[in-house]
Each structure stands twice: as C-alpha cells, then as structure tokens.
>>> print(open('run_13.cif').read())   # mmCIF, C-alpha atoms
data_final
#
loop_
_atom_site.label_atom_id
_atom_site.label_comp_id
_atom_site.auth_asym_id
_atom_site.auth_seq_id
_atom_site.Cartn_x
_atom_site.Cartn_y
_atom_site.Cartn_z
CA MET L 107 1.89 -18.71 9.42
CA ARG L 108 2.85 -15.98 11.88
CA ARG L 109 0.65 -13.82 14.07
CA PHE L 110 0.47 -10.10 13.38
CA SER L 111 2.13 -8.15 16.18
CA LEU L 112 2.52 -4.44 16.83
CA VAL L 113 6.10 -5.21 17.82
CA SER L 114 7.19 -7.73 15.22
CA LEU L 115 6.00 -8.58 11.73
CA SER L 116 7.93 -11.53 10.40
CA ALA L 117 8.38 -14.08 7.63
CA GLY L 118 5.56 -16.06 6.11
CA TRP L 119 2.91 -13.45 6.81
CA CYS L 120 2.24 -12.42 3.21
CA LEU L 121 1.49 -15.69 1.51
CA ALA L 122 -2.29 -15.99 1.73
CA ALA L 123 -4.94 -15.57 -0.92
CA LEU L 124 -7.13 -12.49 -1.17
CA ALA L 125 -10.90 -12.59 -0.86
CA THR L 126 -12.98 -9.58 -1.79
CA THR L 127 -16.33 -8.03 -0.98
CA SER L 128 -18.16 -4.97 -2.26
CA ALA L 129 -18.72 -2.42 0.50
CA PHE L 130 -19.47 0.83 -1.38
CA ALA L 131 -20.72 1.62 -4.85
CA GLU L 132 -18.58 4.77 -4.84
CA GLY L 133 -14.93 5.03 -3.95
CA THR L 134 -13.83 5.62 -0.37
CA GLU L 135 -10.99 7.14 1.61
CA MET L 136 -9.35 5.80 4.74
CA GLU L 137 -10.23 7.58 7.96
CA LEU L 138 -7.07 8.25 9.97
CA LYS L 139 -7.10 7.86 13.75
CA GLY L 140 -3.75 9.15 14.96
CA LYS L 141 -0.26 7.78 15.29
CA GLY L 142 0.36 4.16 14.32
CA PHE L 143 3.37 1.87 14.24
CA GLY L 144 5.08 0.41 11.21
CA PRO L 145 6.90 -2.93 11.08
CA PRO L 146 10.42 -2.85 12.60
CA ALA L 147 12.05 -3.89 9.29
CA PHE L 148 10.67 -0.71 7.71
CA ARG L 149 13.22 1.42 9.58
CA SER L 150 16.18 -0.45 8.16
CA PHE L 151 14.65 -0.27 4.69
CA CYS L 152 14.39 3.51 4.93
CA ASN L 153 18.06 3.79 5.81
CA HIS L 154 18.90 2.24 2.44
CA TYR L 155 16.01 3.50 0.26
CA ALA L 156 15.13 6.95 1.55
CA SER L 157 13.40 8.01 -1.68
CA LEU L 158 11.03 5.04 -1.55
CA CYS L 159 10.16 5.81 2.09
CA ASN L 160 9.37 9.41 1.21
CA THR L 161 5.69 10.37 1.58
CA ARG L 162 6.02 14.15 1.68
CA SER L 163 7.14 15.02 -1.85
CA GLY L 164 4.57 16.14 -4.40
CA ALA L 165 0.80 16.03 -4.32
CA LYS L 166 -0.94 13.92 -1.68
CA VAL L 167 -3.82 13.01 -3.99
CA VAL L 168 -3.67 12.32 -7.73
CA GLN L 169 -6.50 13.33 -10.04
CA LEU L 170 -7.49 9.96 -11.47
CA THR L 171 -7.78 10.06 -15.25
CA GLY L 172 -8.33 7.08 -17.51
CA GLU L 173 -4.62 7.07 -18.30
CA LYS L 174 -3.66 7.14 -14.62
CA ARG L 175 -5.96 4.21 -13.87
CA LYS L 176 -4.36 2.25 -16.72
CA GLN L 177 -0.93 2.95 -15.22
CA LEU L 178 -2.03 1.58 -11.85
CA GLN L 179 -3.40 -1.56 -13.44
CA ALA L 180 -0.38 -2.06 -15.70
CA VAL L 181 2.17 -1.67 -12.89
CA ASN L 182 0.20 -3.90 -10.54
CA MET L 183 -0.06 -6.68 -13.10
CA SER L 184 3.51 -6.31 -14.37
CA VAL L 185 5.09 -6.62 -10.92
CA ASN L 186 2.79 -9.48 -9.93
CA SER L 187 3.76 -11.44 -13.03
CA SER L 188 7.50 -10.71 -12.98
CA ILE L 189 8.29 -11.35 -9.29
CA ARG L 190 7.99 -14.76 -7.66
CA GLN L 191 6.32 -14.85 -4.24
CA GLN L 192 8.83 -16.17 -1.74
CA SER L 193 9.51 -15.61 1.96
CA ASP L 194 12.41 -13.47 3.18
CA MET L 195 14.00 -16.52 4.77
CA GLN L 196 14.02 -18.31 1.42
CA THR L 197 15.18 -15.25 -0.52
CA ASN L 198 17.57 -13.52 1.86
CA GLY L 199 18.18 -15.97 4.71
CA VAL L 200 16.68 -13.60 7.30
CA ASP L 201 13.33 -13.47 9.05
CA ASP L 202 12.14 -10.10 7.76
CA LEU L 203 13.84 -7.83 5.22
CA TRP L 204 12.20 -5.07 3.19
CA THR L 205 13.87 -4.42 -0.14
CA VAL L 206 13.36 -3.82 -3.87
CA PRO L 207 12.97 -7.28 -5.41
CA THR L 208 14.54 -8.40 -8.67
CA LYS L 209 13.30 -11.97 -9.05
CA ALA L 210 11.53 -12.97 -5.82
CA GLY L 211 10.09 -11.36 -2.72
CA ASP L 212 7.17 -11.25 -0.33
CA CYS L 213 4.24 -8.86 -0.06
CA GLU L 214 6.04 -5.73 1.12
CA ASP L 215 8.69 -6.16 -1.59
CA PHE L 216 5.96 -6.22 -4.24
CA ALA L 217 4.45 -3.03 -2.79
CA ILE L 218 7.85 -1.30 -2.71
CA LEU L 219 8.60 -2.17 -6.34
CA LYS L 220 5.16 -0.91 -7.41
CA LYS L 221 5.81 2.41 -5.68
CA ARG L 222 9.14 2.74 -7.47
CA GLU L 223 7.62 1.95 -10.87
CA LEU L 224 4.77 4.44 -10.41
CA MET L 225 7.18 7.16 -9.27
CA ARG L 226 9.17 6.54 -12.46
CA ARG L 227 5.96 7.22 -14.37
CA GLY L 228 5.51 10.57 -12.64
CA TRP L 229 3.35 9.67 -9.66
CA PRO L 230 4.26 11.79 -6.61
CA ALA L 231 5.80 9.92 -3.68
CA ALA L 232 3.28 11.47 -1.28
CA SER L 233 0.37 9.74 -3.01
CA LEU L 234 1.83 6.22 -2.72
CA LEU L 235 1.71 4.75 0.78
CA LEU L 236 2.84 1.37 2.09
CA THR L 237 -0.04 -0.04 4.11
CA VAL L 238 -0.32 -2.83 6.68
CA ALA L 239 -3.43 -4.99 6.95
CA ARG L 240 -4.60 -8.21 8.55
CA LEU L 241 -6.01 -11.11 6.61
CA PRO L 242 -9.67 -12.05 7.19
CA PHE L 243 -10.34 -14.35 10.14
CA SER L 244 -6.65 -14.23 11.02
CA ASN L 245 -3.96 -12.15 12.72
CA GLU L 246 -1.61 -12.81 9.83
CA GLY L 247 -0.21 -9.57 8.44
CA HIS L 248 -0.06 -8.38 4.85
CA VAL L 249 1.39 -5.31 3.09
CA VAL L 250 -0.13 -3.54 0.08
CA LEU L 251 0.40 -0.23 -1.70
CA THR L 252 -2.28 2.44 -1.35
CA ALA L 253 -2.58 4.95 -4.19
CA ARG L 254 -4.43 8.07 -3.04
CA THR L 255 -6.63 9.36 -5.87
CA SER L 256 -9.55 11.69 -6.44
CA ASP L 257 -11.70 8.55 -6.81
CA GLY L 258 -10.61 7.17 -3.44
CA ASP L 259 -7.84 5.10 -1.91
CA LEU L 260 -6.96 2.28 -4.31
CA ILE L 261 -5.06 -0.89 -3.42
CA LEU L 262 -2.28 -2.55 -5.43
CA ASP L 263 -1.90 -6.06 -4.05
CA SER L 264 0.54 -8.90 -4.64
CA ARG L 265 -2.33 -11.39 -4.46
CA SER L 266 -4.59 -9.79 -7.06
CA ASN L 267 -4.12 -8.30 -10.53
CA SER L 268 -7.14 -6.04 -9.99
CA VAL L 269 -6.75 -2.54 -8.56
CA ARG L 270 -9.56 -2.14 -6.04
CA ASP L 271 -10.96 0.46 -3.69
CA TRP L 272 -9.63 -0.43 -0.25
CA SER L 273 -13.11 -0.89 1.24
CA SER L 274 -13.95 -3.56 -1.36
CA THR L 275 -11.26 -5.91 -0.08
CA SER L 276 -11.80 -8.19 2.91
CA TYR L 277 -8.62 -7.12 4.71
CA ARG L 278 -8.70 -5.48 8.13
CA TYR L 279 -6.49 -2.44 7.68
CA TYR L 280 -4.23 -1.43 10.53
CA ALA L 281 -1.88 1.41 9.51
CA ARG L 282 -0.36 3.24 6.57
CA GLN L 283 2.53 5.61 6.06
CA SER L 284 1.80 9.16 7.14
CA GLN L 285 1.70 11.91 4.53
CA THR L 286 2.83 14.51 7.08
CA SER L 287 5.72 12.77 8.85
CA ALA L 288 8.12 9.85 8.56
CA GLY L 289 5.82 7.79 10.76
CA TRP L 290 2.62 5.79 10.33
CA GLU L 291 -1.06 6.44 11.04
CA ARG L 292 -3.81 4.11 12.23
CA ILE L 293 -6.68 3.41 9.83
CA GLY L 294 -10.33 3.66 10.82
CA ARG L 295 -13.56 3.46 8.86
CA ALA L 296 -14.24 4.05 5.17
CA ILE L 297 -15.35 7.58 4.22
CA PRO L 298 -17.32 7.86 0.97
CA VAL L 299 -15.28 9.79 -1.55
CA THR L 300 -18.38 11.72 -2.66
CA THR L 301 -18.17 13.63 0.63
CA THR L 302 -14.41 14.07 0.59
CA ALA L 303 -12.14 13.99 -2.47
CA LYS L 304 -14.71 14.79 -5.17
CA VAL L 305 -16.43 17.54 -3.18
CA LYS L 306 -13.45 19.01 -1.32
CA LEU L 307 -10.75 18.46 -3.93
CA ASP L 308 -7.87 20.74 -2.98
CA TYR L 309 -5.91 21.53 -6.10
CA THR L 310 -3.03 22.89 -4.05
CA SER L 311 -2.39 19.36 -2.81
CA THR L 312 -3.77 17.33 -5.71
CA ALA L 313 -1.98 16.47 -8.95
CA SER L 314 -3.43 16.05 -12.39
CA ILE L 315 -0.42 14.29 -13.90
CA LYS L 316 -0.06 14.18 -17.64
#
>>> encode(input="run_13.cif", output="structure tokens")
Amino acid sequence: MRRFSLVSLSAGWCLAALATTSAFAEGTEMELKGKGFGPPAFRSFCNHYASLCNTRSGAKVVQLTGEKRKQLQAVNMSVNSSIRQQSDMQTNGVDDLWTVPTKAGDCEDFAILKKRELMRRGWPAASLLLTVARLPFSNEGHVVLTARTSDGDLILDSRSNSVRDWSSTSYRYYARQSQTSAGWERIGRAIPVTTTAKVKLDYTSTASIK
C-alpha cells in the first residue's frame, strides 16, 4: 500500500475494496474549488493518447435517458469483468503507467478504457472525466471515471459493478480533469442536482444523445 501524494501517485494504490454510503436522496454535482494537480503519469499518458485526455470536445453534461444509464452500467460491468486487476509493476514492469488495458491493469487503466468505450458509443469527451480520490480511513489513492449527467455526477469504478452518484460512495475526492483546460480541478462539497443541473440545465452545453 502506498500513500497518496500530491507529487507522486504510484503502484499498488488502486487495489482496495469499495465501501458505500447514501448521502443524498437526489443526485449531486461536484463543487469545484480551483486548480488541482493530476498524477505525474497522466502527462505521459496524454502524450500518447491525446483523444482520451481531451475534456473540451462536445457537451459538458449529458442528458441522462434510460438508454444512456444502461450504457453506463453496461460499459462499467463489461470492463470490470474483462480486465484483470493487476499493478503496473506486474503488468508493465514500471511503478506507474497510465494506458489502455487489453488484459490487465490497475484502477486508472479501467477508467481510461471506460472513457474510450463510452466515447465510441457517442458520449462526448467533455462529459467523461478521470477523477482522483482517496480511500476511506487511508491516504491510498484511487482513480475512477466521472460521467457528468443531468442527474448528477456518476462514478464508474473498477471495484464496483454499480454506477453510483459520487456522493454515495465513501471515497474522499481530491481532483478531476478540468472541462475548461488541460489541467485538473480540486473537488469540494456535494451540490444537490435539484439546484443545479435539473433547474439550470443549459442546452447549449448539454447533450441529449440518441
């Protein structure tokens, strides 16, 4: 087990089980609190997979239909069942490497593959954000994929086949990819979606994908 660091996020930090709690009856969005810092290995990943690092193409929020929710659940479960959880050192012989997995990978690799599969199904890149969290009662880091929807920010996780609102997990969220730059933003409190996405839905920046 490794400690989460703002400077270095390394091997072995994804392999812990997920516990969940129920914080809000309605969906929630992540409050953003300014510039954050992504893991160092993210930069190298972007040099090789620019399209999967992109967070500025297409709508920032997807109108969540029944079909779109099924897609999230299907992709989350499919990737979780087809990729074996394994550290970067075991898979690639290096401490920390972000990539698109084929047979095995750790938490960020799962999240990256899920983003690719959802983009292939028509989800805009801007709505799918790699997100860094800390495990409960620990400084161990973890990476998930956040899907921004009209029903709130939903989490696709390598340790759960359920797609959940971010505030109903027990993780302590640190930062996610920015939707306005190539950087990252710090995450604050949960904002009820009834006062944000559902009330202030901006159709110039929101997709209703068929």
>>> resolve_selection(input="run_13.cif", expression="the PyMOL selection byres ((chain L and resi 173-190) around 9)", output="VMD selection string")
chain L and resid 168 to 172 191 to 192 207 to 212 216 to 217 219 to 220 223 to 224 227 229 253 262 to 269 315 to 316
>>> closest_residue(input="run_13.cif", among="L:Ser284, L:Thr205, L:Asn198, L:Ser276", to="Thr237 of chain L", atoms="only C-alpha atoms")
L:Ser284
>>> resolve_selection(input="run_13.cif", expression="the PyMOL selection byres ((chain L and resi 288) around 12)", output="PDB file with C-alpha atoms, in the coordinates of the input")
ATOM      1  CA  LYS L 141      -0.260   7.780  15.290  1.00  0.00           C
ATOM      2  CA  GLY L 142       0.360   4.160  14.320  1.00  0.00           C
ATOM      3  CA  PHE L 143       3.370   1.870  14.240  1.00  0.00           C
ATOM      4  CA  GLY L 144       5.080   0.410  11.210  1.00  0.00           C
ATOM      5  CA  PHE L 148      10.670  -0.710   7.710  1.00  0.00           C
ATOM      6  CA  ARG L 149      13.220   1.420   9.580  1.00  0.00           C
ATOM      7  CA  CYS L 152      14.390   3.510   4.930  1.00  0.00           C
ATOM      8  CA  ASN L 153      18.060   3.790   5.810  1.00  0.00           C
ATOM      9  CA  ALA L 156      15.130   6.950   1.550  1.00  0.00           C
ATOM     10  CA  SER L 157      13.400   8.010  -1.680  1.00  0.00           C
ATOM     11  CA  LEU L 158      11.030   5.040  -1.550  1.00  0.00           C
ATOM     12  CA  CYS L 159      10.160   5.810   2.090  1.00  0.00           C
ATOM     13  CA  ASN L 160       9.370   9.410   1.210  1.00  0.00           C
ATOM     14  CA  THR L 161       5.690  10.370   1.580  1.00  0.00           C
ATOM     15  CA  ARG L 162       6.020  14.150   1.680  1.00  0.00           C
ATOM     16  CA  SER L 163       7.140  15.020  -1.850  1.00  0.00           C
ATOM     17  CA  ALA L 232       3.280  11.470  -1.280  1.00  0.00           C
ATOM     18  CA  LEU L 235       1.710   4.750   0.780  1.00  0.00           C
ATOM     19  CA  LEU L 236       2.840   1.370   2.090  1.00  0.00           C
ATOM     20  CA  ARG L 282      -0.360   3.240   6.570  1.00  0.00           C
ATOM     21  CA  GLN L 283       2.530   5.610   6.060  1.00  0.00           C
ATOM     22  CA  SER L 284       1.800   9.160   7.140  1.00  0.00           C
ATOM     23  CA  GLN L 285       1.700  11.910   4.530  1.00  0.00           C
ATOM     24  CA  THR L 286       2.830  14.510   7.080  1.00  0.00           C
ATOM     25  CA  SER L 287       5.720  12.770   8.850  1.00  0.00           C
ATOM     26  CA  GLY L 289       5.820   7.790  10.760  1.00  0.00           C
ATOM     27  CA  TRP L 290       2.620   5.790  10.330  1.00  0.00           C
ATOM     28  CA  GLU L 291      -1.060   6.440  11.040  1.00  0.00           C
TER      29      GLU L 291
END
>>> atom_distance(input="run_13.cif", atom1="atom CA of Asp259 of chain L", atom2="atom CA of Val206 of chain L")
23.1 Å
>>> resolve_selection(input="run_13.cif", expression="the PyMOL selection byres ((chain L and resi 248) around 7)", output="PDB file with C-alpha atoms, in the coordinates of the input")
ATOM      1  CA  TRP L 119       2.910 -13.450   6.810  1.00  0.00           C
ATOM      2  CA  CYS L 120       2.240 -12.420   3.210  1.00  0.00           C
ATOM      3  CA  CYS L 213       4.240  -8.860  -0.060  1.00  0.00           C
ATOM      4  CA  VAL L 238      -0.320  -2.830   6.680  1.00  0.00           C
ATOM      5  CA  ALA L 239      -3.430  -4.990   6.950  1.00  0.00           C
ATOM      6  CA  ARG L 240      -4.600  -8.210   8.550  1.00  0.00           C
ATOM      7  CA  LEU L 241      -6.010 -11.110   6.610  1.00  0.00           C
ATOM      8  CA  GLU L 246      -1.610 -12.810   9.830  1.00  0.00           C
ATOM      9  CA  GLY L 247      -0.210  -9.570   8.440  1.00  0.00           C
ATOM     10  CA  VAL L 249       1.390  -5.310   3.090  1.00  0.00           C
ATOM     11  CA  VAL L 250      -0.130  -3.540   0.080  1.00  0.00           C
TER      12      VAL L 250
END
>>> atom_distance(input="run_13.cif", atom1="atom CA of Arg292 of chain L", atom2="atom CA of Met225 of chain L")
24.3 Å
>>> atom_distance(input="run_13.cif", atom1="atom CA of Arg270 of chain L", atom2="atom CA of Glu135 of chain L")
12.1 Å
>>> closest_residue(input="run_13.cif", among="L:Leu138, L:Met195, L:Leu260, L:Ala165", to="Ser233 of chain L", atoms="all atoms listed in the file")
L:Ala165
>>> closest_residue(input="run_13.cif", among="L:Arg278, L:Lys139, L:His154, L:Lys166", to="Ser244 of chain L", atoms="only C-alpha atoms")
L:Arg278
>>> build_atoms(input="run_13.cif", residues="segment 196-209 of chain L", atoms="N, CA, C and O atoms", output="JSON list (two decimals), in the coordinates of the input")
[["chain", "number", "residue", "atom", "x", "y", "z"],
["L", 196, "GLN", "N", 13.62, -17.60, 2.63],
["L", 196, "GLN", "CA", 14.02, -18.31, 1.42],
["L", 196, "GLN", "C", 14.87, -17.42, 0.52],
["L", 196, "GLN", "O", 15.84, -17.88, -0.10],
["L", 197, "THR", "N", 14.51, -16.15, 0.41],
["L", 197, "THR", "CA", 15.18, -15.25, -0.52],
["L", 197, "THR", "C", 16.49, -14.69, 0.03],
["L", 197, "THR", "O", 17.50, -14.63, -0.68],
["L", 198, "ASN", "N", 16.44, -14.26, 1.30],
["L", 198, "ASN", "CA", 17.57, -13.52, 1.86],
["L", 198, "ASN", "C", 18.22, -14.19, 3.07],
["L", 198, "ASN", "O", 19.23, -13.70, 3.58],
["L", 199, "GLY", "N", 17.62, -15.28, 3.56],
["L", 199, "GLY", "CA", 18.18, -15.97, 4.71],
["L", 199, "GLY", "C", 17.97, -15.26, 6.03],
["L", 199, "GLY", "O", 18.65, -15.56, 7.01],
["L", 200, "VAL", "N", 17.02, -14.31, 6.07],
["L", 200, "VAL", "CA", 16.68, -13.60, 7.30],
["L", 200, "VAL", "C", 15.18, -13.63, 7.49],
["L", 200, "VAL", "O", 14.41, -13.87, 6.55],
["L", 201, "ASP", "N", 14.74, -13.35, 8.71],
["L", 201, "ASP", "CA", 13.33, -13.47, 9.05],
["L", 201, "ASP", "C", 12.46, -12.41, 8.37],
["L", 201, "ASP", "O", 11.38, -12.71, 7.90],
["L", 202, "ASP", "N", 12.94, -11.17, 8.33],
["L", 202, "ASP", "CA", 12.14, -10.10, 7.76],
["L", 202, "ASP", "C", 13.05, -9.02, 7.20],
["L", 202, "ASP", "O", 13.81, -8.38, 7.94],
["L", 203, "LEU", "N", 13.01, -8.82, 5.89],
["L", 203, "LEU", "CA", 13.84, -7.83, 5.22],
["L", 203, "LEU", "C", 13.03, -7.15, 4.12],
["L", 203, "LEU", "O", 12.53, -7.81, 3.22],
["L", 204, "TRP", "N", 12.91, -5.84, 4.21],
["L", 204, "TRP", "CA", 12.20, -5.07, 3.19],
["L", 204, "TRP", "C", 13.20, -4.57, 2.16],
["L", 204, "TRP", "O", 14.22, -3.95, 2.51],
["L", 205, "THR", "N", 12.93, -4.82, 0.90],
["L", 205, "THR", "CA", 13.87, -4.42, -0.14],
["L", 205, "THR", "C", 13.15, -4.30, -1.49],
["L", 205, "THR", "O", 11.96, -4.61, -1.59],
["L", 206, "VAL", "N", 13.89, -3.87, -2.50],
["L", 206, "VAL", "CA", 13.36, -3.82, -3.87],
["L", 206, "VAL", "C", 13.69, -5.15, -4.53],
["L", 206, "VAL", "O", 14.85, -5.47, -4.73],
["L", 207, "PRO", "N", 12.69, -5.95, -4.87],
["L", 207, "PRO", "CA", 12.97, -7.28, -5.41],
["L", 207, "PRO", "C", 13.40, -7.24, -6.87],
["L", 207, "PRO", "O", 13.05, -6.33, -7.61],
["L", 208, "THR", "N", 14.16, -8.26, -7.27],
["L", 208, "THR", "CA", 14.54, -8.40, -8.67],
["L", 208, "THR", "C", 13.92, -9.64, -9.30],
["L", 208, "THR", "O", 13.44, -9.59, -10.43],
["L", 209, "LYS", "N", 13.89, -10.73, -8.54],
["L", 209, "LYS", "CA", 13.30, -11.97, -9.05],
["L", 209, "LYS", "C", 12.25, -12.56, -8.12],
["L", 209, "LYS", "O", 11.29, -13.17, -8.58]]
